[in-house]
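Here is structure_6.txt, consisting of compact mmCIF, C-alpha atoms:
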# COMPACT_ATOMS: atom_id res chain seq x y z
CA MET P 2 107.57 107.21 77.21
CA LEU P 3 109.17 104.81 79.68
CA ILE P 4 106.54 102.62 81.34
CA ALA P 5 107.72 100.64 84.39
CA LEU P 6 105.47 97.84 85.59
CA ASP P 7 105.67 96.02 88.89
CA MET P 8 105.03 92.27 88.56
CA ASP P 9 103.42 90.57 91.55
CA GLY P 10 100.07 92.16 92.33
CA THR P 11 100.35 94.37 89.23
CA LEU P 12 101.17 92.76 85.88
CA LEU P 13 100.62 89.23 87.16
CA ASN P 14 97.17 88.04 88.18
CA SER P 15 96.46 86.00 91.30
CA ASN P 16 97.58 82.86 89.45
CA GLY P 17 100.98 84.41 88.76
CA GLN P 18 100.29 84.77 85.03
CA ILE P 19 100.21 87.56 82.45
CA SER P 20 96.75 87.74 80.92
CA GLN P 21 96.23 87.82 77.16
CA ARG P 22 94.83 91.35 77.40
CA ASN P 23 97.85 92.60 79.36
CA LYS P 24 100.19 90.94 76.87
CA GLU P 25 98.46 92.54 73.89
CA ALA P 26 98.48 95.95 75.59
CA ILE P 27 102.24 95.73 76.21
CA VAL P 28 102.96 94.68 72.63
CA LYS P 29 100.84 97.54 71.27
CA ALA P 30 102.54 100.04 73.57
CA GLN P 31 105.94 98.85 72.37
CA ALA P 32 104.80 99.09 68.74
CA ALA P 33 103.71 102.67 69.43
CA GLY P 34 107.29 103.51 70.41
CA HIS P 35 107.05 103.32 74.19
CA VAL P 36 109.69 101.49 76.27
CA VAL P 37 107.92 99.03 78.57
CA ALA P 38 110.04 97.69 81.41
CA ILE P 39 109.47 95.41 84.37
CA ALA P 40 110.39 96.69 87.85
CA THR P 41 110.27 93.85 90.35
CA GLY P 42 111.74 92.47 93.51
CA ARG P 43 112.26 89.19 91.70
CA ALA P 44 115.60 88.04 90.36
CA TYR P 45 115.97 88.27 86.57
CA LYS P 46 115.40 84.55 85.98
CA ASP P 47 112.20 84.54 88.05
CA ALA P 48 110.92 87.62 86.22
CA TYR P 49 111.91 86.24 82.82
CA GLU P 50 109.86 83.05 83.15
CA PRO P 51 106.33 84.56 83.02
CA LEU P 52 107.49 87.09 80.43
CA ALA P 53 108.85 84.36 78.15
CA LYS P 54 105.69 82.30 78.61
CA ALA P 55 103.64 85.28 77.41
CA GLY P 56 106.07 86.02 74.56
CA ILE P 57 107.09 89.43 75.94
CA VAL P 58 110.62 90.81 75.56
CA CYS P 59 111.51 93.93 77.56
CA PRO P 60 114.11 95.38 79.93
CA VAL P 61 113.92 94.12 83.52
CA ILE P 62 114.68 96.10 86.64
CA GLY P 63 115.24 93.22 89.05
CA LEU P 64 115.92 92.77 92.76
CA ASN P 65 114.20 96.08 93.60
CA GLY P 66 116.67 97.99 91.43
CA ALA P 67 119.91 96.19 92.25
CA MET P 68 120.18 95.01 88.65
CA ILE P 69 118.97 96.28 85.27
CA THR P 70 118.98 93.84 82.35
CA LEU P 71 118.28 95.05 78.83
CA MET P 72 116.22 93.21 76.21
CA ASP P 73 119.32 91.47 74.84
CA GLY P 74 120.44 90.29 78.29
CA THR P 75 123.07 93.00 78.83
CA VAL P 76 123.36 94.08 82.48
CA ILE P 77 123.78 97.86 82.83
CA ARG P 78 123.29 98.20 86.59
CA ASP P 79 124.72 96.00 89.33
CA ILE P 80 124.59 97.08 93.00
CA PRO P 81 125.45 94.34 95.53
CA LEU P 82 125.17 94.35 99.31
CA ASN P 83 128.03 94.41 101.80
CA LYS P 84 127.89 90.73 102.74
CA GLN P 85 130.25 90.94 105.70
CA ALA P 86 128.24 93.68 107.38
CA LEU P 87 125.07 91.57 107.11
CA ILE P 88 126.43 88.36 108.64
CA PRO P 89 125.63 89.14 112.32
CA ILE P 90 121.99 89.92 111.49
CA LEU P 91 121.69 86.94 109.15
CA GLN P 92 123.00 84.77 111.98
CA TRP P 93 120.25 86.14 114.23
CA VAL P 94 117.62 85.54 111.53
CA ARG P 95 118.89 81.97 111.11
CA GLU P 96 118.31 81.33 114.82
CA GLN P 97 114.66 82.47 114.76
CA PRO P 98 112.34 79.52 114.06
CA ASP P 99 109.52 81.75 112.78
CA LEU P 100 111.57 83.68 110.22
CA TYR P 101 111.92 82.38 106.65
CA CYS P 102 114.86 83.89 104.75
CA GLU P 103 115.86 84.00 101.08
CA ILE P 104 119.28 85.29 100.01
CA TYR P 105 119.44 86.50 96.40
CA THR P 106 122.95 86.08 95.01
CA ASN P 107 124.85 86.12 91.72
CA GLU P 108 124.46 82.34 91.47
CA ALA P 109 121.04 81.46 92.91
CA VAL P 110 118.39 82.28 95.50
CA TYR P 111 119.32 80.34 98.62
CA VAL P 112 117.02 79.08 101.39
CA GLY P 113 117.82 77.01 104.45
CA LEU P 114 116.00 73.69 104.19
CA HIS P 115 114.77 73.92 107.78
CA ASN P 116 113.19 77.30 106.93
CA ARG P 117 110.86 75.86 104.34
CA GLU P 118 109.97 72.79 106.39
CA HIS P 119 109.05 74.93 109.39
CA LEU P 120 106.97 77.38 107.36
CA GLU P 121 105.08 74.64 105.55
CA ALA P 122 104.33 72.91 108.85
CA LEU P 123 103.07 76.17 110.31
CA ALA P 124 100.80 76.79 107.32
CA ASN P 125 99.42 73.25 107.46
CA ASP P 126 98.61 73.60 111.15
CA VAL P 127 96.55 76.77 110.93
CA SER P 128 92.85 76.47 111.63
CA GLU P 129 90.17 76.62 108.95
CA GLN P 130 89.36 80.27 109.66
CA HIS P 131 92.99 81.11 108.83
CA ARG P 132 93.27 79.21 105.57
CA ASP P 133 94.41 82.42 103.89
CA LEU P 134 97.74 82.05 105.71
CA LYS P 135 98.43 78.86 103.80
CA ARG P 136 97.73 80.69 100.54
CA ILE P 137 100.17 83.45 101.56
CA VAL P 138 102.89 80.88 102.28
CA GLU P 139 102.29 79.03 99.01
CA LYS P 140 102.47 82.30 97.05
CA GLN P 141 105.80 83.11 98.67
CA PHE P 142 107.26 79.83 97.44
CA GLN P 143 106.00 80.52 93.90
CA GLN P 144 107.87 83.80 93.47
CA ALA P 145 111.42 82.48 93.40
CA ARG P 146 113.14 79.34 92.18
CA VAL P 147 115.36 78.56 95.12
CA THR P 148 118.34 76.38 95.94
CA TYR P 149 118.14 74.71 99.32
CA VAL P 150 121.11 74.43 101.65
CA GLN P 151 121.34 72.58 104.93
CA ASP P 152 122.89 75.57 106.68
CA MET P 153 122.47 79.18 105.51
CA SER P 154 125.90 80.04 106.92
CA ASP P 155 127.34 78.19 103.92
CA THR P 156 126.16 81.06 101.72
CA TRP P 157 128.00 83.81 103.55
CA ASN P 158 131.11 81.66 103.94
CA LYS P 159 131.33 81.03 100.20
CA GLU P 160 133.56 83.80 98.86
CA SER P 161 132.29 83.60 95.27
CA LEU P 162 128.73 84.52 96.27
CA VAL P 163 127.67 88.14 95.85
CA PHE P 164 124.55 89.19 97.78
CA TYR P 165 121.98 91.48 96.12
CA LYS P 166 118.84 91.14 98.22
CA ILE P 167 117.70 89.59 101.49
CA LEU P 168 114.04 88.66 101.84
CA VAL P 169 112.64 87.76 105.24
CA PHE P 170 109.11 86.36 105.48
CA SER P 171 107.07 85.59 108.57
CA LEU P 172 103.53 85.11 109.82
CA ASN P 173 104.73 86.65 113.09
CA HIS P 174 104.47 90.42 112.52
CA HIS P 175 106.23 91.26 115.79
CA ARG P 176 109.27 89.19 114.81
CA LEU P 177 109.22 90.62 111.28
CA LYS P 178 109.27 94.16 112.67
CA GLU P 179 112.18 93.18 114.92
CA ALA P 180 114.09 91.95 111.86
CA SER P 181 113.26 95.13 109.98
CA LEU P 182 114.66 97.28 112.81
CA LYS P 183 117.86 95.24 112.97
CA PHE P 184 118.51 95.59 109.23
CA GLY P 185 117.41 99.23 109.24
CA ALA P 186 119.99 100.07 111.91
CA LEU P 187 122.80 99.25 109.48
CA SER P 188 124.02 102.13 107.36
CA GLY P 189 123.91 101.85 103.59
CA LEU P 190 120.77 99.70 103.46
CA THR P 191 117.17 100.24 102.44
CA VAL P 192 114.37 98.09 103.86
CA THR P 193 111.13 97.84 101.89
CA SER P 194 108.27 95.39 101.55
CA SER P 195 106.28 93.80 98.74
CA HIS P 196 103.76 92.17 101.10
CA PRO P 197 102.62 92.71 104.72
CA ASN P 198 104.33 89.43 105.62
CA ASN P 199 107.81 90.24 104.29
CA ILE P 200 110.67 92.71 104.30
CA GLU P 201 113.21 93.13 101.51
CA VAL P 202 116.72 94.41 102.16
CA ASN P 203 118.88 96.05 99.47
CA HIS P 204 121.76 98.47 99.13
CA GLN P 205 120.44 102.00 99.66
CA GLN P 206 121.24 102.80 96.00
CA ALA P 207 119.30 99.75 94.85
CA THR P 208 115.74 101.04 94.68
CA LYS P 209 113.18 100.82 91.91
CA GLY P 210 113.08 104.59 91.73
CA LYS P 211 116.82 105.02 91.18
CA ALA P 212 116.72 102.22 88.60
CA VAL P 213 113.84 103.88 86.73
CA LYS P 214 115.90 107.08 86.58
CA ALA P 215 118.92 105.12 85.31
CA LEU P 216 116.89 103.31 82.65
CA ALA P 217 115.20 106.53 81.52
CA SER P 218 118.64 108.13 81.17
CA TYR P 219 119.91 105.14 79.20
CA TYR P 220 117.09 105.51 76.67
CA GLY P 221 117.27 109.31 76.64
CA ILE P 222 113.77 109.66 78.09
CA ASP P 223 112.97 112.60 80.36
CA LEU P 224 111.41 111.78 83.75
CA THR P 225 108.41 113.89 82.73
CA ASP P 226 107.70 111.10 80.24
CA THR P 227 107.75 108.20 82.72
CA VAL P 228 104.80 106.10 83.82
CA VAL P 229 104.94 103.68 86.77
CA ILE P 230 102.31 101.20 87.92
CA GLY P 231 102.50 99.36 91.24
CA ASP P 232 100.74 98.07 94.31
CA SER P 233 103.18 97.74 97.23
CA HIS P 234 105.59 99.59 99.51
CA ASN P 235 108.63 98.74 97.37
CA ASP P 236 107.01 100.68 94.50
CA LEU P 237 107.00 103.98 96.41
CA SER P 238 110.50 104.92 95.24
CA MET P 239 109.23 104.72 91.64
CA PHE P 240 106.28 106.92 92.54
CA ALA P 241 108.72 109.48 93.96
CA VAL P 242 110.48 110.00 90.61
CA ALA P 243 107.89 109.32 87.89
CA SER P 244 105.59 111.89 86.35
CA TYR P 245 102.62 109.52 86.01
CA ARG P 246 101.95 107.30 89.04
CA ILE P 247 99.20 104.70 88.80
CA ALA P 248 98.08 102.48 91.67
CA MET P 249 96.45 99.13 91.13
CA GLY P 250 92.93 98.65 92.45
CA ASN P 251 94.35 96.06 94.84
CA ALA P 252 97.18 98.37 95.97
CA SER P 253 97.82 99.37 99.56
CA ASN P 254 96.32 102.65 100.74
CA GLU P 255 99.85 104.05 101.03
CA ILE P 256 100.35 103.54 97.29
CA LYS P 257 96.93 104.90 96.35
CA GLU P 258 97.57 108.08 98.33
CA GLN P 259 100.71 108.75 96.25
CA ALA P 260 99.11 107.94 92.89
CA ASN P 261 97.67 110.24 90.24
CA PHE P 262 94.86 107.74 89.87
CA THR P 263 93.90 104.13 90.54
CA THR P 264 93.26 101.57 87.81
CA ALA P 265 91.48 98.22 88.05
CA THR P 266 92.93 95.29 90.03
CA ASN P 267 95.54 92.83 88.81
CA ASP P 268 92.77 90.27 88.22
CA GLU P 269 90.84 92.82 86.14
CA ASP P 270 93.73 93.69 83.78
CA GLY P 271 94.39 97.06 85.38
CA VAL P 272 97.72 97.37 83.54
CA ALA P 273 96.04 96.88 80.18
CA GLY P 274 93.48 99.56 80.99
CA VAL P 275 96.27 102.12 81.45
CA LEU P 276 98.31 101.08 78.41
CA GLU P 277 95.26 100.95 76.15
CA GLU P 278 94.37 104.54 77.09
CA LEU P 279 97.95 105.65 76.53
CA VAL P 280 98.09 104.11 73.04
CA ARG P 281 94.61 105.33 72.13
CA THR P 282 95.02 108.94 73.25
CA GLY P 283 98.79 109.38 73.23
CA CYS P 284 98.77 110.59 76.84
CA LEU P 285 97.44 109.93 80.34
CA ALA P 286 95.24 112.30 82.26
CA LYS P 287 96.44 112.97 85.83
CA ARG P 288 93.05 112.58 87.41

Would it be possible to restate this file's structure as structure tokens?
Amino acid sequence: MLIALDMDGTLLNSNGQISQRNKEAIVKAQAAGHVVAIATGRAYKDAYEPLAKAGIVCPVIGLNGAMITLMDGTVIRDIPLNKQALIPILQWVREQPDLYCEIYTNEAVYVGLHNREHLEALANDVSEQHRDLKRIVEKQFQQARVTYVQDMSDTWNKESLVFYKILVFSLNHHRLKEASLKFGALSGLTVTSSHPNNIEVNHQQATKGKAVKALASYYGIDLTDTVVIGDSHNDLSMFAVASYRIAMGNASNEIKEQANFTTATNDEDGVAGVLEELVRTGCLAKR
């Protein structure tokens, strides 16, 4: 079987780590002949770090499906954005003080320095009853190793940079929806989300679901033998193509409604629970 695991909110616990139980379950599933892959919105380097720390080697579907990297580092899928078409909207995003933007490129993940400073100041100013907002902001900064630039326009003016994903984050849901509509109006794009406070923009062919199909084909695995586990909106495309769809206990209701069943939360080793059953019984019941 091909088993595709989301990272944040799924394989990783609230501390951004892979638990010992999850690690052991992955290793045992691989030893049993299953292909375990990561399917994440993260860039390859940001996905690789927690995997390497846990001693796990596996294929990585990165950037929501824009890139597939095999165990040996070979890239078999590469779907960039049309940078020129995005520039007018990126210019608008740059002018909004309450929108934080990350641009995922072939060289690095770029962030305007003023973006981070403004977001940190906003998080520090929230009242005690909204301390969870500060945690949300801090988690956003943990998910990508970024390169700061004084002016984000430098990134789209640099010809050597290839864009793969745009992430826009905000505590202002009205402004975030406005950004989503602006990106969504462009043809050839898909707009998803991995958290209520962000949107993620990719080429319309760069989805986790299409990448799962491509990886299954590469390994000669039929889609009837695919298992996907996730928790957020950007996992829905995987749920649309896989035969076994498992939602995390902490998943959104939208994900749970599309799942065959729900496992435990990411802090309760929900991934391990699924993989242990698969290895023990050789199959998964679609309950």

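With distances taken over all atoms listed in the file, P:Thr41 is the one residue among P:Lys257, P:Thr41, P:Val94, P:Ile200 lying closest to Gly10 in chain P.
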
(message) Can you pull out the residues contacting Ser181 in chain P? Cut-off 9 Å, using all atoms listed in the file, and skip same-chain residues under 2 positions away; I want them as a list in words.
(response) Val169, Arg176, Leu177, Lys178, Glu179, Lys183, Phe184, Gly185, Ala186, Val192, Thr193, Ile200, Glu201 and Val202 of chain P

(request) State, in Å with one decimal place, the distance from CA of Cys102 in chain P to CA of Trp157 in chain P. (result)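 Distance reported for this atom pair: 13.2 Å.
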
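Here CA of Ala260 in chain P and CA of Lys287 in chain P stand 9.1 Å from one another.
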
(message) Quick one: residues within 9 Å of Lys29 in chain P, only C-alpha atoms, excluding same-chain residues fewer than 6 positions away - as a list in words?
(response)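 What passes the distance filter is His35, Leu276, Glu277 and Val280 of chain P.
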
Starting from the incomplete input, reconstruct N, CA and C atoms of range 242-256 of chain P and report them as an mmCIF file, keeping the file's coordinate frame.
data_model
loop_
_atom_site.group_PDB
_atom_site.id
_atom_site.type_symbol
_atom_site.label_atom_id
_atom_site.label_comp_id
_atom_site.auth_asym_id
_atom_site.auth_seq_id
_atom_site.Cartn_x
_atom_site.Cartn_y
_atom_site.Cartn_z
ATOM 1 N N VAL P 242 109.714 109.413 91.718
ATOM 2 C CA VAL P 242 110.480 110.000 90.610
ATOM 3 C C VAL P 242 109.668 110.123 89.320
ATOM 4 N N ALA P 243 108.617 109.353 89.158
ATOM 5 C CA ALA P 243 107.890 109.320 87.890
ATOM 6 C C ALA P 243 106.870 110.457 87.784
ATOM 7 N N SER P 244 106.569 110.839 86.578
ATOM 8 C CA SER P 244 105.590 111.890 86.350
ATOM 9 C C SER P 244 104.161 111.368 86.447
ATOM 10 N N TYR P 245 103.950 110.132 85.970
ATOM 11 C CA TYR P 245 102.620 109.520 86.010
ATOM 12 C C TYR P 245 102.678 108.302 86.928
ATOM 13 N N ARG P 246 101.910 108.339 88.008
ATOM 14 C CA ARG P 246 101.950 107.300 89.040
ATOM 15 C C ARG P 246 100.572 106.672 89.150
ATOM 16 N N ILE P 247 100.488 105.381 88.806
ATOM 17 C CA ILE P 247 99.200 104.700 88.800
ATOM 18 C C ILE P 247 99.224 103.562 89.812
ATOM 19 N N ALA P 248 98.232 103.548 90.687
ATOM 20 C CA ALA P 248 98.080 102.480 91.670
ATOM 21 C C ALA P 248 97.108 101.434 91.154
ATOM 22 N N MET P 249 97.385 100.189 91.459
ATOM 23 C CA MET P 249 96.450 99.130 91.130
ATOM 24 C C MET P 249 95.238 99.196 92.066
ATOM 25 N N GLY P 250 94.123 98.671 91.601
ATOM 26 C CA GLY P 250 92.930 98.650 92.450
ATOM 27 C C GLY P 250 93.121 97.846 93.708
ATOM 28 N N ASN P 251 94.035 96.889 93.676
ATOM 29 C CA ASN P 251 94.350 96.060 94.840
ATOM 30 C C ASN P 251 95.533 96.590 95.632
ATOM 31 N N ALA P 252 96.003 97.803 95.308
ATOM 32 C CA ALA P 252 97.180 98.370 95.970
ATOM 33 C C ALA P 252 96.878 98.754 97.407
ATOM 34 N N SER P 253 97.958 98.902 98.182
ATOM 35 C CA SER P 253 97.820 99.370 99.560
ATOM 36 C C SER P 253 97.367 100.822 99.542
ATOM 37 N N ASN P 254 96.764 101.265 100.641
ATOM 38 C CA ASN P 254 96.320 102.650 100.740
ATOM 39 C C ASN P 254 97.484 103.614 100.610
ATOM 40 N N GLU P 255 98.653 103.210 101.109
ATOM 41 C CA GLU P 255 99.850 104.050 101.030
ATOM 42 C C GLU P 255 100.202 104.349 99.579
ATOM 43 N N ILE P 256 100.073 103.353 98.715
ATOM 44 C CA ILE P 256 100.350 103.540 97.290
ATOM 45 C C ILE P 256 99.282 104.414 96.646
#
